[in-house]
Structure formats: structure tokens, C-alpha cells
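For reference, input_35.pdb (PDB, C-alpha atoms, pLDDT in the B column):
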ATOM      1  CA  MET A   7      22.547  12.513  -4.178  1.00 90.00           C
ATOM      2  CA  LYS A   8      20.038   9.983  -2.799  1.00 93.00           C
ATOM      3  CA  LYS A   9      19.582   9.130   0.869  1.00 95.00           C
ATOM      4  CA  ILE A  10      18.200   5.893   2.293  1.00 96.00           C
ATOM      5  CA  SER A  11      16.437   5.881   5.638  1.00 96.00           C
ATOM      6  CA  VAL A  12      15.685   2.691   7.546  1.00 97.00           C
ATOM      7  CA  ILE A  13      13.397   3.165  10.546  1.00 97.00           C
ATOM      8  CA  ARG A  14      12.517   0.382  12.957  1.00 98.00           C
ATOM      9  CA  PHE A  15       9.236   0.453  14.890  1.00 98.00           C
ATOM     10  CA  LYS A  16       8.072  -2.008  17.550  1.00 98.00           C
ATOM     11  CA  PRO A  17       4.289  -1.925  17.863  1.00 98.00           C
ATOM     12  CA  LYS A  18       2.637  -3.194  20.998  1.00 98.00           C
ATOM     13  CA  PRO A  19       1.609  -6.780  20.145  1.00 98.00           C
ATOM     14  CA  GLU A  20      -2.093  -5.945  20.283  1.00 98.00           C
ATOM     15  CA  CYS A  21      -1.513  -2.893  18.016  1.00 98.00           C
ATOM     16  CA  PHE A  22       0.686  -4.511  15.346  1.00 98.00           C
ATOM     17  CA  ASP A  23      -2.002  -4.753  12.649  1.00 98.00           C
ATOM     18  CA  GLU A  24      -3.360  -1.274  13.370  1.00 98.00           C
ATOM     19  CA  PHE A  25       0.074   0.340  13.157  1.00 98.00           C
ATOM     20  CA  LEU A  26       0.902  -1.603   9.981  1.00 98.00           C
ATOM     21  CA  ALA A  27      -2.328  -0.382   8.365  1.00 98.00           C
ATOM     22  CA  ASN A  28      -1.555   3.196   9.433  1.00 98.00           C
ATOM     23  CA  ILE A  29       1.993   3.213   8.077  1.00 98.00           C
ATOM     24  CA  LYS A  30       0.866   1.540   4.844  1.00 97.00           C
ATOM     25  CA  GLU A  31      -1.730   4.259   4.350  1.00 97.00           C
ATOM     26  CA  ARG A  32       0.824   6.983   5.108  1.00 96.00           C
ATOM     27  CA  SER A  33       3.351   5.673   2.581  1.00 95.00           C
ATOM     28  CA  ARG A  34       0.929   4.383  -0.087  1.00 95.00           C
ATOM     29  CA  GLU A  35       1.576   7.196  -2.610  1.00 94.00           C
ATOM     30  CA  TRP A  36       5.374   6.693  -2.533  1.00 91.00           C
ATOM     31  CA  ALA A  37       5.111   2.898  -2.445  1.00 94.00           C
ATOM     32  CA  LEU A  38       2.999   2.896  -5.608  1.00 94.00           C
ATOM     33  CA  ALA A  39       5.123   5.477  -7.442  1.00 94.00           C
ATOM     34  CA  SER A  40       7.169   4.437 -10.437  1.00 94.00           C
ATOM     35  CA  PRO A  41       9.761   3.636  -9.319  1.00 93.00           C
ATOM     36  CA  PRO A  42       8.655   3.074  -5.721  1.00 95.00           C
ATOM     37  CA  THR A  43      10.565   5.035  -3.093  1.00 94.00           C
ATOM     38  CA  HIS A  44       9.067   3.615   0.123  1.00 96.00           C
ATOM     39  CA  PHE A  45       9.022   0.014   1.260  1.00 97.00           C
ATOM     40  CA  LEU A  46       7.860  -1.804   4.400  1.00 98.00           C
ATOM     41  CA  MET A  47       9.216  -4.968   5.940  1.00 98.00           C
ATOM     42  CA  THR A  48       7.871  -6.912   8.898  1.00 98.00           C
ATOM     43  CA  THR A  49       9.486  -9.292  11.353  1.00 97.00           C
ATOM     44  CA  ASP A  50       7.745 -11.102  14.186  1.00 96.00           C
ATOM     45  CA  GLU A  51       7.921  -8.011  16.420  1.00 97.00           C
ATOM     46  CA  GLU A  52       8.868  -5.059  14.237  1.00 98.00           C
ATOM     47  CA  ILE A  53       7.825  -3.026  11.241  1.00 98.00           C
ATOM     48  CA  VAL A  54      10.702  -1.528   9.270  1.00 98.00           C
ATOM     49  CA  ALA A  55      10.184   1.403   6.912  1.00 97.00           C
ATOM     50  CA  ILE A  56      12.685   1.998   4.115  1.00 97.00           C
ATOM     51  CA  ALA A  57      12.615   5.261   2.168  1.00 95.00           C
ATOM     52  CA  ILE A  58      14.749   6.526  -0.705  1.00 95.00           C
ATOM     53  CA  ARG A  59      14.756  10.312  -1.062  1.00 92.00           C
ATOM     54  CA  SER A  60      16.836  13.058  -2.550  1.00 91.00           C
ATOM     55  CA  GLU A  61      19.097  14.859  -0.112  1.00 90.00           C
ATOM     56  CA  SER A  62      17.067  18.059  -0.605  1.00 90.00           C
ATOM     57  CA  GLU A  63      13.850  16.292   0.500  1.00 89.00           C
ATOM     58  CA  LEU A  64      15.312  14.664   3.598  1.00 85.00           C
ATOM     59  CA  ALA A  65      14.878  17.375   6.257  1.00 84.00           C
ATOM     60  CA  GLU A  66      11.298  18.268   5.335  1.00 89.00           C
ATOM     61  CA  SER A  67      10.293  14.618   4.977  1.00 88.00           C
ATOM     62  CA  ALA A  68      11.841  13.737   8.336  1.00 87.00           C
ATOM     63  CA  ALA A  69       9.970  16.605  10.024  1.00 87.00           C
ATOM     64  CA  ARG A  70       6.652  15.397   8.559  1.00 92.00           C
ATOM     65  CA  GLY A  71       7.523  11.883   9.722  1.00 92.00           C
ATOM     66  CA  VAL A  72       8.057  13.037  13.302  1.00 91.00           C
ATOM     67  CA  ASP A  73       4.724  14.883  13.231  1.00 94.00           C
ATOM     68  CA  TRP A  74       3.014  11.694  12.037  1.00 96.00           C
ATOM     69  CA  LEU A  75       4.868   9.601  14.613  1.00 95.00           C
ATOM     70  CA  ASP A  76       3.495  11.830  17.377  1.00 95.00           C
ATOM     71  CA  THR A  77       0.015  10.558  16.439  1.00 97.00           C
ATOM     72  CA  GLN A  78       1.166   6.912  16.566  1.00 97.00           C
ATOM     73  CA  ARG A  79       3.316   6.690  19.715  1.00 96.00           C
ATOM     74  CA  HIS A  80       0.475   5.198  21.745  1.00 97.00           C
ATOM     75  CA  LEU A  81       0.654   2.107  19.481  1.00 98.00           C
ATOM     76  CA  LEU A  82       4.403   1.575  19.968  1.00 98.00           C
ATOM     77  CA  VAL A  83       6.779   0.174  22.566  1.00 97.00           C
ATOM     78  CA  GLU A  84       9.741   2.368  23.502  1.00 95.00           C
ATOM     79  CA  TYR A  85      13.054   0.738  22.638  1.00 95.00           C
ATOM     80  CA  SER A  86      14.853   2.766  25.318  1.00 92.00           C
ATOM     81  CA  GLU A  87      14.860   6.233  26.878  1.00 89.00           C
ATOM     82  CA  GLN A  88      17.413   7.341  24.302  1.00 89.00           C
ATOM     83  CA  ASP A  89      15.849   5.806  21.171  1.00 89.00           C
ATOM     84  CA  ARG A  90      12.266   6.182  22.332  1.00 93.00           C
ATOM     85  CA  HIS A  91       9.819   4.751  19.732  1.00 94.00           C
ATOM     86  CA  THR A  92      12.100   4.301  16.707  1.00 96.00           C
ATOM     87  CA  ILE A  93      15.574   3.179  15.766  1.00 96.00           C
ATOM     88  CA  PRO A  94      16.442   5.254  12.676  1.00 95.00           C
ATOM     89  CA  LEU A  95      19.412   4.971  10.341  1.00 96.00           C
ATOM     90  CA  THR A  96      20.019   7.266   7.356  1.00 95.00           C
ATOM     91  CA  GLY A  97      22.902   7.269   4.927  1.00 96.00           C
ATOM     92  CA  THR A  98      23.957   8.006   1.383  1.00 96.00           C
ATOM     93  CA  MET A  99      22.896   5.506  -1.248  1.00 95.00           C
ATOM     94  CA  VAL A 100      25.808   3.976  -3.124  1.00 95.00           C
ATOM     95  CA  GLU A 101      24.993   3.951  -6.808  1.00 85.00           C
ATOM     96  CA  TYR A 102      26.830   1.925  -9.473  1.00 86.00           C
TER      97      TYR A 102
END

Target format C-alpha cells, applied to this file:
Amino acid sequence: MKKISVIRFKPKPECFDEFLANIKERSREWALASPPTHFLMTTDEEIVAIAIRSESELAESAARGVDWLDTQRHLLVEYSEQDRHTIPLTGTMVEY
């Protein structure tokens, strides 16, 4: 079973390009895989990461992501006390 994770980040305006470069570098291997499993999207204020993983990879991948995020928090705006620096959403991919 495949899982899709969508994670919203809001870089500080002056750090937008730096954070985008960092997250691109972090996900480059998966983004260039065939087929790609990681994608990035930008809006005026946010960077959104989209990842497709097997259910068995999810926990370990999420743990590595939190470790990486700890090195990037200084570049991000907190959404709220509860959400902190990300708004994540993960669910099961519906396949046809």
C-alpha cells in the first residue's frame, strides 16, 4: 500500500530561496528517480513537499524528515504553537 504525504512549510520571506534550495537538495535523489516519488510546489508564501512512499517506509522516512527539519527551523515561520513549523497531511493513495 502506498502513502502520500503533503507537508506545508512557510519560510521566512528573506529565507525562502535558501530553504527551497535546501529542500530541493534533500529530495533530489527521489525527485529524479524513475518514477519520481518526491515533488515540490511553491506558492507566494509556502513550499509544499509531496512524497509517495510505501507504508513500510513511512515511519523511518518521517523520522529522518524530522531530524532534517530540526536543522532548518531557523529558516521557517511557525504556523501556530500546535503545528509549529509544518502542516503535514498523510493518507493512503487511492489507486485505480

Nearest to Ile58 in chain A by atom-to-atom distance, counting only C-alpha atoms, from A:Ala39, A:Cys21, A:Leu82, A:Ala27: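 With only C-alpha atoms as the atom set, the closest residue is A:Ala39.
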
If we count only C-alpha atoms and set the cut-off at 12 Å, which residues sit around Trp74 in chain A, ignoring sequence neighbours fewer than 4 positions away in its own chain? Please answer as a PDB file with C-alpha atoms, in the frame of the given file.
ATOM      1  CA  PHE A  25       0.074   0.340  13.157  1.00 98.00           C
ATOM      2  CA  ASN A  28      -1.555   3.196   9.433  1.00 98.00           C
ATOM      3  CA  ILE A  29       1.993   3.213   8.077  1.00 98.00           C
ATOM      4  CA  GLU A  31      -1.730   4.259   4.350  1.00 97.00           C
ATOM      5  CA  ARG A  32       0.824   6.983   5.108  1.00 96.00           C
ATOM      6  CA  SER A  33       3.351   5.673   2.581  1.00 95.00           C
ATOM      7  CA  SER A  67      10.293  14.618   4.977  1.00 88.00           C
ATOM      8  CA  ALA A  68      11.841  13.737   8.336  1.00 87.00           C
ATOM      9  CA  ALA A  69       9.970  16.605  10.024  1.00 87.00           C
ATOM     10  CA  ARG A  70       6.652  15.397   8.559  1.00 92.00           C
ATOM     11  CA  GLN A  78       1.166   6.912  16.566  1.00 97.00           C
ATOM     12  CA  ARG A  79       3.316   6.690  19.715  1.00 96.00           C
ATOM     13  CA  HIS A  80       0.475   5.198  21.745  1.00 97.00           C
TER      14      HIS A  80
END

Between CA of Glu61 in chain A and CA of His91 in chain A - distance in Å to one decimal: 24.1 Å

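Proximity to Thr49 in chain A was assessed for A:Phe22, A:Thr77, A:Thr92, A:Ser11 counting all atoms listed in the file; the smallest distance is recorded for A:Phe22.
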
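Closest approach to Leu95 in chain A from the set A:Val12, A:Glu51, A:Leu38, A:Ile56 is made by A:Val12, with distances taken over all atoms listed in the file.
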
Would you list the contacts of Ala57 in chain A as a list in words, taking every protein, DNA or RNA residue within 6 Å and counting all atoms listed in the file, but skipping same-chain residues closer than 2 positions in sequence? Ile10, Ser11, Thr43 and His44 of chain A

Which is closest to Phe15 in chain A among A:Ala65, A:Ile53, A:Asp89, A:Thr96, if we use all atoms listed in the file?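 Looking at the shortest contact to Phe15 in chain A, the residue is A:Ile53.
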
Suppose you want the space between CA of Ser40 in chain A and CA of Ser60 in chain A; what is it in Å? 15.2 Å

Which distance in Å separates CA of Ile13 in chain A and CA of Asp50 in chain A, to one decimal? 15.8 Å
